[in-house]
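Data file: entry_35.txt. Format and content: compact mmCIF, C-alpha atoms.
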# COMPACT_ATOMS: atom_id res chain seq x y z
CA MET A 16 65.06 50.88 146.71
CA ASP A 17 68.04 49.10 148.27
CA ASN A 18 70.02 48.24 145.18
CA LEU A 19 69.83 48.16 141.41
CA SER A 20 70.20 44.38 141.05
CA THR A 21 67.74 42.51 138.89
CA LYS A 22 67.80 38.92 137.63
CA THR A 23 67.19 39.63 133.96
CA PRO A 24 67.41 42.51 131.46
CA GLN A 25 63.60 42.43 131.30
CA GLN A 26 63.40 43.20 135.01
CA GLY A 27 66.20 45.72 134.57
CA PHE A 28 64.12 47.44 131.90
CA GLU A 29 61.15 47.56 134.28
CA LEU A 30 63.38 49.09 136.95
CA ALA A 31 64.48 51.70 134.39
CA ILE A 32 60.82 52.57 133.75
CA LYS A 33 60.24 52.84 137.49
CA LEU A 34 63.21 55.23 137.80
CA ALA A 35 61.99 57.33 134.86
CA ARG A 36 58.58 57.66 136.48
CA MET A 37 60.15 58.44 139.86
CA GLY A 38 61.87 61.43 138.28
CA VAL A 39 58.53 62.70 137.01
CA LYS A 40 56.80 62.13 140.38
CA TYR A 41 59.49 64.00 142.30
CA THR A 42 59.10 66.97 139.96
CA GLN A 43 55.30 66.85 140.06
CA PRO A 44 54.08 64.99 143.18
CA ASP A 45 50.42 65.87 142.57
CA MET A 46 48.94 62.67 141.05
CA GLU A 47 45.82 64.46 139.79
CA VAL A 48 47.86 67.01 137.85
CA LEU A 49 49.98 64.18 136.42
CA LYS A 50 46.96 62.16 135.30
CA ALA A 51 45.32 65.18 133.70
CA GLY A 52 48.43 65.92 131.65
CA ARG A 53 48.93 62.31 130.68
CA LYS A 54 45.59 62.05 128.81
CA ASP A 55 46.62 64.84 126.43
CA TYR A 56 50.06 63.56 125.73
CA ALA A 57 49.83 59.79 125.77
CA ALA A 58 48.89 59.80 122.10
CA ASN A 59 51.65 62.24 121.17
CA PRO A 60 54.58 60.42 119.51
CA GLU A 61 57.04 63.18 120.48
CA PHE A 62 56.19 62.72 124.13
CA LEU A 63 56.34 58.92 123.80
CA ILE A 64 59.77 59.07 122.18
CA GLN A 65 61.02 61.42 124.90
CA ALA A 66 59.74 59.06 127.59
CA SER A 67 61.47 56.15 125.84
CA GLN A 68 64.70 58.17 125.89
CA VAL A 69 64.62 58.72 129.65
CA ILE A 70 64.02 54.99 130.08
CA ALA A 71 67.00 54.33 127.78
CA ILE A 72 69.31 56.42 129.98
CA HIS A 73 68.16 54.70 133.14
CA PHE A 74 68.42 51.29 131.45
CA GLN A 75 72.03 52.11 130.61
CA THR A 76 72.70 52.71 134.32
CA VAL A 77 70.84 49.59 135.48
CA ALA A 78 72.58 47.43 132.85
CA LYS A 79 76.00 48.58 134.09
CA ALA A 80 74.95 47.99 137.69
CA ASN A 81 74.13 44.40 136.74
CA ASN A 82 77.26 43.91 134.66
CA TYR A 83 74.99 43.43 131.66
CA TRP A 84 73.57 40.24 133.17
CA GLN A 85 76.53 38.34 131.79
CA GLU A 86 77.30 34.91 133.13
CA MET B 2 64.67 38.92 127.18
CA ASP B 3 67.25 36.83 129.02
CA ASN B 4 70.39 38.69 128.11
CA LEU B 5 71.75 41.39 125.83
CA SER B 6 74.11 39.15 123.86
CA THR B 7 74.04 39.25 120.09
CA LYS B 8 76.42 37.75 117.53
CA THR B 9 76.99 40.88 115.47
CA PRO B 10 76.65 44.68 115.72
CA GLN B 11 73.83 44.41 113.16
CA GLN B 12 71.84 42.20 115.52
CA GLY B 13 72.85 44.46 118.38
CA PHE B 14 71.41 47.39 116.47
CA GLU B 15 68.16 45.49 115.98
CA LEU B 16 68.04 44.75 119.71
CA ALA B 17 68.53 48.47 120.36
CA ILE B 18 65.53 49.23 118.13
CA LYS B 19 63.51 46.61 119.99
CA LEU B 20 64.42 48.25 123.33
CA ALA B 21 63.54 51.72 122.02
CA ARG B 22 60.12 50.45 120.91
CA MET B 23 59.63 48.63 124.22
CA GLY B 24 60.01 51.96 126.01
CA VAL B 25 57.29 53.46 123.85
CA LYS B 26 54.97 50.46 124.32
CA TYR B 27 55.32 50.54 128.12
CA THR B 28 54.40 54.24 128.12
CA GLN B 29 51.50 53.75 125.69
CA PRO B 30 50.33 50.11 125.67
CA ASP B 31 47.30 50.84 123.46
CA MET B 32 48.42 49.68 119.98
CA GLU B 33 45.59 51.55 118.23
CA VAL B 34 46.58 54.86 119.81
CA LEU B 35 50.21 54.19 118.86
CA LYS B 36 49.36 53.41 115.23
CA ALA B 37 47.16 56.47 114.89
CA GLY B 38 49.96 58.74 116.11
CA ARG B 39 52.57 57.06 113.96
CA LYS B 40 50.86 57.99 110.68
CA ASP B 41 51.14 61.69 111.47
CA TYR B 42 54.70 61.63 112.58
CA ALA B 43 56.45 59.01 110.47
CA ALA B 44 57.14 61.64 107.82
CA ASN B 45 58.36 64.19 110.35
CA PRO B 46 62.19 64.42 110.32
CA GLU B 47 62.30 65.79 113.87
CA PHE B 48 60.47 62.74 115.15
CA LEU B 49 62.66 60.42 113.06
CA ILE B 50 65.84 62.00 114.42
CA GLN B 51 64.54 61.70 117.97
CA ALA B 52 63.73 58.02 117.42
CA SER B 53 67.24 57.50 116.01
CA GLN B 54 68.64 59.09 119.15
CA VAL B 55 66.85 56.69 121.51
CA ILE B 56 68.15 53.81 119.38
CA ALA B 57 71.65 55.31 119.66
CA ILE B 58 71.50 55.31 123.46
CA HIS B 59 70.29 51.71 123.59
CA PHE B 60 72.90 50.69 121.01
CA GLN B 61 75.57 52.17 123.28
CA THR B 62 74.33 49.90 126.09
CA VAL B 63 74.08 46.79 123.92
CA ALA B 64 77.54 47.41 122.41
CA LYS B 65 79.08 47.58 125.88
CA ALA B 66 77.20 44.44 126.92
CA ASN B 67 78.78 42.65 123.98
CA ASN B 68 82.24 44.11 124.56
CA TYR B 69 81.89 45.80 121.17
CA TRP B 70 81.88 42.42 119.41
CA GLN B 71 85.66 42.39 119.53
CA GLU B 72 87.47 39.16 118.96
CA MET C 18 78.05 45.15 109.69
CA ASP C 19 80.40 42.61 111.27
CA ASN C 20 82.19 44.82 113.75
CA LEU C 21 82.70 48.42 114.76
CA SER C 22 86.44 48.55 113.98
CA THR C 23 87.78 51.37 111.87
CA LYS C 24 91.35 52.44 111.16
CA THR C 25 90.99 56.11 112.02
CA PRO C 26 88.67 58.46 113.95
CA GLN C 27 87.63 59.91 110.59
CA GLN C 28 86.34 56.52 109.46
CA GLY C 29 84.85 56.03 112.91
CA PHE C 30 82.96 59.28 112.47
CA GLU C 31 81.65 58.09 109.10
CA LEU C 32 80.50 54.85 110.74
CA ALA C 33 78.71 56.93 113.38
CA ILE C 34 76.89 58.82 110.61
CA LYS C 35 75.97 55.51 108.98
CA LEU C 36 74.55 54.25 112.30
CA ALA C 37 72.58 57.48 112.84
CA ARG C 38 71.04 57.15 109.36
CA MET C 39 70.32 53.46 109.95
CA GLY C 40 68.21 54.41 112.95
CA VAL C 41 66.19 56.78 110.80
CA LYS C 42 65.77 54.21 108.01
CA TYR C 43 64.53 51.51 110.39
CA THR C 44 61.94 53.93 111.76
CA GLN C 45 60.89 55.13 108.29
CA PRO C 46 61.88 52.60 105.60
CA ASP C 47 60.03 54.46 102.84
CA MET C 48 62.83 56.31 100.97
CA GLU C 49 60.39 58.61 99.17
CA VAL C 50 58.83 59.79 102.44
CA LEU C 51 62.33 60.32 103.87
CA LYS C 52 63.50 62.38 100.89
CA ALA C 53 60.36 64.52 100.90
CA GLY C 54 60.87 65.39 104.56
CA ARG C 55 64.56 66.04 104.15
CA LYS C 56 64.07 68.93 101.71
CA ASP C 57 62.05 70.88 104.28
CA TYR C 58 64.37 70.33 107.15
CA ALA C 59 67.86 70.27 105.71
CA ALA C 60 68.05 74.04 106.04
CA ASN C 61 66.68 74.02 109.59
CA PRO C 62 69.52 74.53 112.14
CA GLU C 63 67.50 72.85 114.90
CA PHE C 64 67.19 69.70 112.86
CA LEU C 65 70.89 69.85 111.86
CA ILE C 66 71.97 70.19 115.48
CA GLN C 67 69.75 67.26 116.48
CA ALA C 68 71.25 65.12 113.72
CA SER C 69 74.74 66.10 114.88
CA GLN C 70 73.79 64.98 118.37
CA VAL C 71 72.74 61.49 117.28
CA ILE C 72 76.04 61.21 115.41
CA ALA C 73 77.84 62.32 118.58
CA ILE C 74 76.25 59.52 120.63
CA HIS C 75 77.14 56.90 118.02
CA PHE C 76 80.67 58.32 117.70
CA GLN C 77 81.07 57.88 121.45
CA THR C 78 80.21 54.18 121.04
CA VAL C 79 82.45 53.66 118.03
CA ALA C 80 85.36 55.48 119.71
CA LYS C 81 85.12 53.17 122.73
CA ALA C 82 84.89 50.14 120.45
CA ASN C 83 88.16 51.22 118.87
CA ASN C 84 89.83 52.08 122.17
CA TYR C 85 90.00 55.67 120.94
CA TRP C 86 92.41 54.67 118.16
CA GLN C 87 95.27 54.89 120.62
CA GLU C 88 98.56 53.31 119.75
CA MET D 20 91.83 63.31 111.70
CA ASP D 21 94.32 60.65 112.76
CA ASN D 22 93.62 60.48 116.45
CA LEU D 23 91.76 62.21 119.25
CA SER D 24 94.85 63.19 121.26
CA THR D 25 95.22 66.76 122.42
CA LYS D 26 97.69 68.29 124.86
CA THR D 27 95.18 70.11 127.07
CA PRO D 28 91.45 70.07 127.89
CA GLN D 29 91.20 73.44 126.12
CA GLN D 30 92.39 71.87 122.87
CA GLY D 31 90.18 68.88 123.60
CA PHE D 32 87.22 71.24 123.87
CA GLU D 33 88.13 72.78 120.52
CA LEU D 34 88.30 69.30 118.99
CA ALA D 35 84.83 68.61 120.42
CA ILE D 36 83.52 71.76 118.70
CA LYS D 37 85.15 70.65 115.45
CA LEU D 38 83.44 67.24 115.75
CA ALA D 39 80.07 68.85 116.50
CA ARG D 40 80.40 71.04 113.40
CA MET D 41 81.51 68.07 111.32
CA GLY D 42 78.25 66.33 112.16
CA VAL D 43 76.31 69.33 110.92
CA LYS D 44 78.40 69.61 107.72
CA TYR D 45 77.92 65.95 106.84
CA THR D 46 74.15 66.36 107.22
CA GLN D 47 74.08 69.62 105.26
CA PRO D 48 77.18 69.95 103.04
CA ASP D 49 75.89 73.10 101.30
CA MET D 50 77.79 75.94 103.02
CA GLU D 51 75.42 78.60 101.68
CA VAL D 52 72.37 76.88 103.14
CA LEU D 53 74.21 76.49 106.45
CA LYS D 54 75.20 80.15 106.62
CA ALA D 55 71.69 81.33 105.76
CA GLY D 56 70.22 79.25 108.59
CA ARG D 57 72.86 80.32 111.05
CA LYS D 58 71.92 84.01 110.90
CA ASP D 59 68.39 83.29 112.08
CA TYR D 60 69.33 81.02 114.87
CA ALA D 61 72.59 82.33 116.25
CA ALA D 62 70.68 84.63 118.57
CA ASN D 63 68.28 81.90 119.67
CA PRO D 64 69.20 80.60 123.16
CA GLU D 65 67.47 77.28 122.55
CA PHE D 66 69.64 76.63 119.54
CA LEU D 67 72.77 77.77 121.41
CA ILE D 68 72.02 75.45 124.31
CA GLN D 69 71.46 72.55 121.92
CA ALA D 70 74.77 73.26 120.19
CA SER D 71 76.49 73.37 123.58
CA GLN D 72 74.98 69.96 124.35
CA VAL D 73 76.41 68.32 121.22
CA ILE D 74 79.80 69.79 122.13
CA ALA D 75 79.39 68.36 125.65
CA ILE D 76 78.83 64.84 124.30
CA HIS D 77 81.86 65.06 122.01
CA PHE D 78 83.95 66.56 124.82
CA GLN D 79 83.04 63.54 126.95
CA THR D 80 84.44 61.28 124.23
CA VAL D 81 87.59 63.33 123.68
CA ALA D 82 88.23 63.57 127.43
CA LYS D 83 88.07 59.78 127.76
CA ALA D 84 90.34 59.38 124.74
CA ASN D 85 92.89 61.56 126.50
CA ASN D 86 92.46 59.87 129.88
CA TYR D 87 91.22 63.19 131.20
CA TRP D 88 94.64 64.76 130.64
CA GLN D 89 95.76 63.35 133.96
CA GLU D 90 99.43 63.19 134.72
CA MET E 17 92.21 75.26 131.20
CA ASP E 18 95.08 72.94 132.01
CA ASN E 19 93.22 70.04 133.51
CA LEU E 20 89.84 68.99 134.82
CA SER E 21 90.92 68.43 138.43
CA THR E 22 88.93 70.00 141.22
CA LYS E 23 89.08 69.46 144.96
CA THR E 24 85.37 68.86 145.57
CA PRO E 25 82.22 67.91 143.63
CA GLN E 26 80.98 71.46 144.26
CA GLN E 27 83.96 72.87 142.38
CA GLY E 28 83.51 70.14 139.77
CA PHE E 29 79.93 71.29 139.30
CA GLU E 30 81.12 74.85 138.81
CA LEU E 31 83.63 73.66 136.22
CA ALA E 32 80.77 71.84 134.45
CA ILE E 33 78.82 75.12 134.32
CA LYS E 34 81.89 76.89 132.95
CA LEU E 35 82.22 74.23 130.21
CA ALA E 36 78.52 74.48 129.34
CA ARG E 37 78.83 78.25 128.97
CA MET E 38 82.04 77.87 126.95
CA GLY E 39 80.10 75.82 124.42
CA VAL E 40 77.55 78.58 124.07
CA LYS E 41 80.24 81.28 123.77
CA TYR E 42 82.10 79.43 121.02
CA THR E 43 78.85 79.09 119.05
CA GLN E 44 77.87 82.73 119.63
CA PRO E 45 80.93 84.86 120.54
CA ASP E 46 78.99 88.14 120.41
CA MET E 47 78.31 88.94 124.08
CA GLU E 48 75.65 91.54 123.24
CA VAL E 49 73.63 89.06 121.19
CA LEU E 50 73.99 86.52 124.02
CA LYS E 51 72.78 88.94 126.68
CA ALA E 52 69.82 90.07 124.58
CA GLY E 53 68.69 86.46 124.13
CA ARG E 54 69.20 85.60 127.75
CA LYS E 55 66.63 88.13 129.01
CA ASP E 56 63.85 86.46 127.03
CA TYR E 57 64.66 82.96 128.01
CA ALA E 58 65.97 83.12 131.56
CA ALA E 59 62.41 82.82 132.86
CA ASN E 60 61.56 79.97 130.49
CA PRO E 61 61.58 76.60 132.34
CA GLU E 62 62.21 74.66 129.13
CA PHE E 63 65.37 76.63 128.50
CA LEU E 64 66.45 76.28 132.15
CA ILE E 65 65.96 72.52 132.08
CA GLN E 66 67.94 72.28 128.84
CA ALA E 67 70.78 74.30 130.36
CA SER E 68 70.72 72.03 133.42
CA GLN E 69 71.04 69.05 131.08
CA VAL E 70 74.18 70.35 129.37
CA ILE E 71 75.66 70.97 132.82
CA ALA E 72 74.73 67.38 133.78
CA ILE E 73 76.64 65.95 130.80
CA HIS E 74 79.72 68.03 131.56
CA PHE E 75 79.48 67.16 135.26
CA GLN E 76 79.50 63.50 134.29
CA THR E 77 82.80 64.08 132.46
CA VAL E 78 84.36 66.14 135.24
CA ALA E 79 83.28 63.59 137.88
CA LYS E 80 84.99 60.79 135.96
CA ALA E 81 88.09 62.94 135.49
CA ASN E 82 88.24 63.32 139.27
CA ASN E 83 87.49 59.66 139.98
CA TYR E 84 84.31 60.84 141.69
CA TRP E 85 86.34 62.60 144.40
CA GLN E 86 86.66 59.30 146.24
CA GLU E 87 89.25 58.95 148.92
CA MET F 16 78.83 69.06 148.70
CA ASP F 17 81.93 67.14 149.77
CA ASN F 18 81.42 63.92 147.90
CA LEU F 19 78.87 61.96 145.92
CA SER F 20 78.60 59.03 148.33
CA THR F 21 75.19 57.87 149.45
CA LYS F 22 74.13 54.77 151.36
CA THR F 23 71.38 53.61 149.01
CA PRO F 24 70.21 54.13 145.41
CA GLN F 25 67.18 55.95 146.85
CA GLN F 26 69.46 58.54 148.43
CA GLY F 27 71.52 58.56 145.25
CA PHE F 28 68.38 59.38 143.31
CA GLU F 29 67.64 62.25 145.69
CA LEU F 30 71.17 63.54 145.20
CA ALA F 31 70.61 63.39 141.44
CA ILE F 32 67.47 65.53 141.84
CA LYS F 33 69.43 67.98 143.97
CA LEU F 34 72.11 68.22 141.24
CA ALA F 35 69.49 68.72 138.52
CA ARG F 36 67.93 71.57 140.52
CA MET F 37 71.35 73.05 141.22
CA GLY F 38 71.91 73.36 137.49
CA VAL F 39 68.65 75.27 137.12
CA LYS F 40 69.43 77.54 140.09
CA TYR F 41 72.88 78.46 138.75
CA THR F 42 71.33 79.40 135.42
CA GLN F 43 68.47 81.35 137.05
CA PRO F 44 69.37 82.38 140.62
CA ASP F 45 66.25 84.52 141.04
CA MET F 46 63.89 82.31 143.10
CA GLU F 47 60.84 84.45 142.29
CA VAL F 48 61.38 84.11 138.54
CA LEU F 49 61.85 80.36 139.01
CA LYS F 50 58.66 79.94 141.02
CA ALA F 51 56.64 81.98 138.54
CA GLY F 52 57.78 79.81 135.66
CA ARG F 53 57.25 76.60 137.55
CA LYS F 54 53.48 77.15 137.98
CA ASP F 55 52.98 77.25 134.21
CA TYR F 56 55.04 74.25 133.43
CA ALA F 57 54.57 71.86 136.32
CA ALA F 58 51.51 70.40 134.61
CA ASN F 59 53.24 70.14 131.25
CA PRO F 60 54.28 66.51 130.53
CA GLU F 61 56.99 67.62 128.10
CA PHE F 62 58.65 69.68 130.81
CA LEU F 63 58.24 66.86 133.35
CA ILE F 64 59.83 64.34 131.02
CA GLN F 65 62.73 66.73 130.33
CA ALA F 66 63.26 67.20 134.06
CA SER F 67 63.23 63.42 134.54
CA GLN F 68 65.90 63.15 131.86
CA VAL F 69 68.28 65.55 133.59
CA ILE F 70 67.78 63.56 136.79
CA ALA F 71 68.54 60.38 134.84
CA ILE F 72 71.89 61.75 133.64
CA HIS F 73 72.88 62.85 137.13
CA PHE F 74 71.71 59.52 138.58
CA GLN F 75 74.00 57.77 136.11
CA THR F 76 76.93 59.80 137.50
CA VAL F 77 75.99 59.26 141.15
CA ALA F 78 75.46 55.53 140.58
CA LYS F 79 78.97 55.17 139.12
CA ALA F 80 80.40 57.24 141.98
CA ASN F 81 78.87 54.74 144.39
CA ASN F 82 79.91 51.69 142.38
CA TYR F 83 76.21 50.96 141.93
CA TRP F 84 75.81 50.32 145.66
CA GLN F 85 77.04 46.78 145.14
CA GLU F 86 78.21 44.80 148.11
Can the structure from this file be put into structure tokens for me?
Amino acid sequence: MDNLSTKTPQQGFELAIKLARMGVKYTQPDMEVLKAGRKDYAANPEFLIQASQVIAIHFQTVAKANNYWQE
Amino acid sequence: MDNLSTKTPQQGFELAIKLARMGVKYTQPDMEVLKAGRKDYAANPEFLIQASQVIAIHFQTVAKANNYWQE
Amino acid sequence: MDNLSTKTPQQGFELAIKLARMGVKYTQPDMEVLKAGRKDYAANPEFLIQASQVIAIHFQTVAKANNYWQE
Amino acid sequence: MDNLSTKTPQQGFELAIKLARMGVKYTQPDMEVLKAGRKDYAANPEFLIQASQVIAIHFQTVAKANNYWQE
Amino acid sequence: MDNLSTKTPQQGFELAIKLARMGVKYTQPDMEVLKAGRKDYAANPEFLIQASQVIAIHFQTVAKANNYWQE
Amino acid sequence: MDNLSTKTPQQGFELAIKLARMGVKYTQPDMEVLKAGRKDYAANPEFLIQASQVIAIHFQTVAKANNYWQE
């Protein structure tokens, strides 16, 4: 990851998701453990909302980095 | 999603909701699983407050992107 | 909601509360369901603190929009 | 509350606490209900940490409003 | 607390911890109650992560106050 | 820690993780207690998401400190 630049907010959102997942992977590098946990929780709205919140924080950072993709 | 511009704060708020839901959909793309979970939780104030918080973070980003809709 | 301008921080705080409640209403538009849930939780400090936090995030946005009501 | 100006960070912190409590009071205006709930939770570290977090968000806003009390 | 200036990020981090603890102390001034609660929770990762989050928010404020300790 | 400068966002992300862990270590300096707790929770998605959120807040700070690594 060289920089936080993306062409559109859509790509910026995808970068935010990537950053959110990176934070989880650094904390739990074992992919098997991650997958096992994900099955239980992927239907849990509380967990989904929390995940959306981490993405929101990263999207805030990426949006600023891209000057809100303003012309 | 080409840019974060909206004409009014009301539309900006709706964009924030859209972004909050996008974060949930990326984490759980299966619409059936999402709907099933939503029935249980949509009456739960804790879940509603959490959802409002994710919207608040996205609204903060969208408001900045629109320079707070100041004239 | 045309803009985020308010004359005083007090009014800005009330706008923040309005925005926090708007986020809840968009997620659960059914007023009866909302009221039913509110009775159970309105005495729960955890829920009250969470609500105060959503207001705090919106107040941060509104304060910036009003340039902190500085002269 | 006319403005967010305070002379020192200490006073700014106290204003942040006042704002955090205001958010709780607007959500639950009944002082008796509030007091009853507070007894149970005031010894609960989770609740105390959450309260500290709301104060932190408000302190961030107040600090910006005061330009970080820089000379 | 006269100002938020510190010489290094390390000292800024320590100020952030001090502010996080100040928020807890204002909410629960009784030191005995605080200590009693701390024993139970100090081994609880959820509580530790939450505490780290409050510190993160305060560190964000202190870092801005110090212009990120840039030369 | 002398400053928050890093060459790339990747290194900035790693600094954010370091700051998130620092917050946990200051709250619970006993490494044995920390390790014991970590085994239980490292497979818990809720805990992993929370940890990712603290990293996200610190990454926001580090990104601003580095002017988003823009050329």
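For the set C:Tyr58, C:Met18, C:Leu65, C:Thr44, the residue with the smallest atom-to-atom gap to chain A is C:Thr44, counting all atoms listed in the file.
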For a cut-off of 7 Å around (78.0, 73.2, 128.4), file coordinates, pick out all residues using all atoms listed in the file and list them as an NGL selection string.
(:D and (71-72 or 75)) or (:E and (32-33 or 35-40 or 70-71 or 74))
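For the atom pair formed by atom CA of Tyr69 of chain B and atom CA of Ala82 of chain C, the distance is 5.3 Å, given to one decimal.
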Nearest residue to chain C from the set B:Ser6, B:Gln61, B:Gln29, B:Gln12 (distances using only C-alpha atoms):
B:Gln61
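With only C-alpha atoms as the atoms that count, the residue of A:Ile64, A:Ala51, A:Val77, A:Ala58 with the shortest distance to Lys33 of chain A is A:Val77.
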Find the residue from C:Thr78, C:Val50, C:Gln87, C:Lys56 that sits nearest to Leu21 of chain C; use all atoms listed in the file when measuring.
C:Thr78
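Distance-wise, atom CA of Ala78 of chain A and atom CA of Gln25 of chain F end up 17.3 Å apart.
Nearest residue to chain E among D:Phe32, D:Asp59, D:Asp49, D:Lys54 is D:Phe32, counting only C-alpha atoms.
The space separating atom CA of Pro45 of chain E from atom CA of Gly56 of chain D comes to 17.0 Å.
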At a cut-off of 9 Å from (70.6, 37.4, 137.4) in the coordinates of the file, what residues are picked up using all atoms listed in the file, written as a PyMOL selection string?
chain A and resi 20-24+81+84-86
Out of D:Asp21, D:Gly31, D:Glu65, D:Arg57, which residue has the shortest atom-to-atom distance to chain E when counting all atoms listed in the file?
D:Glu65
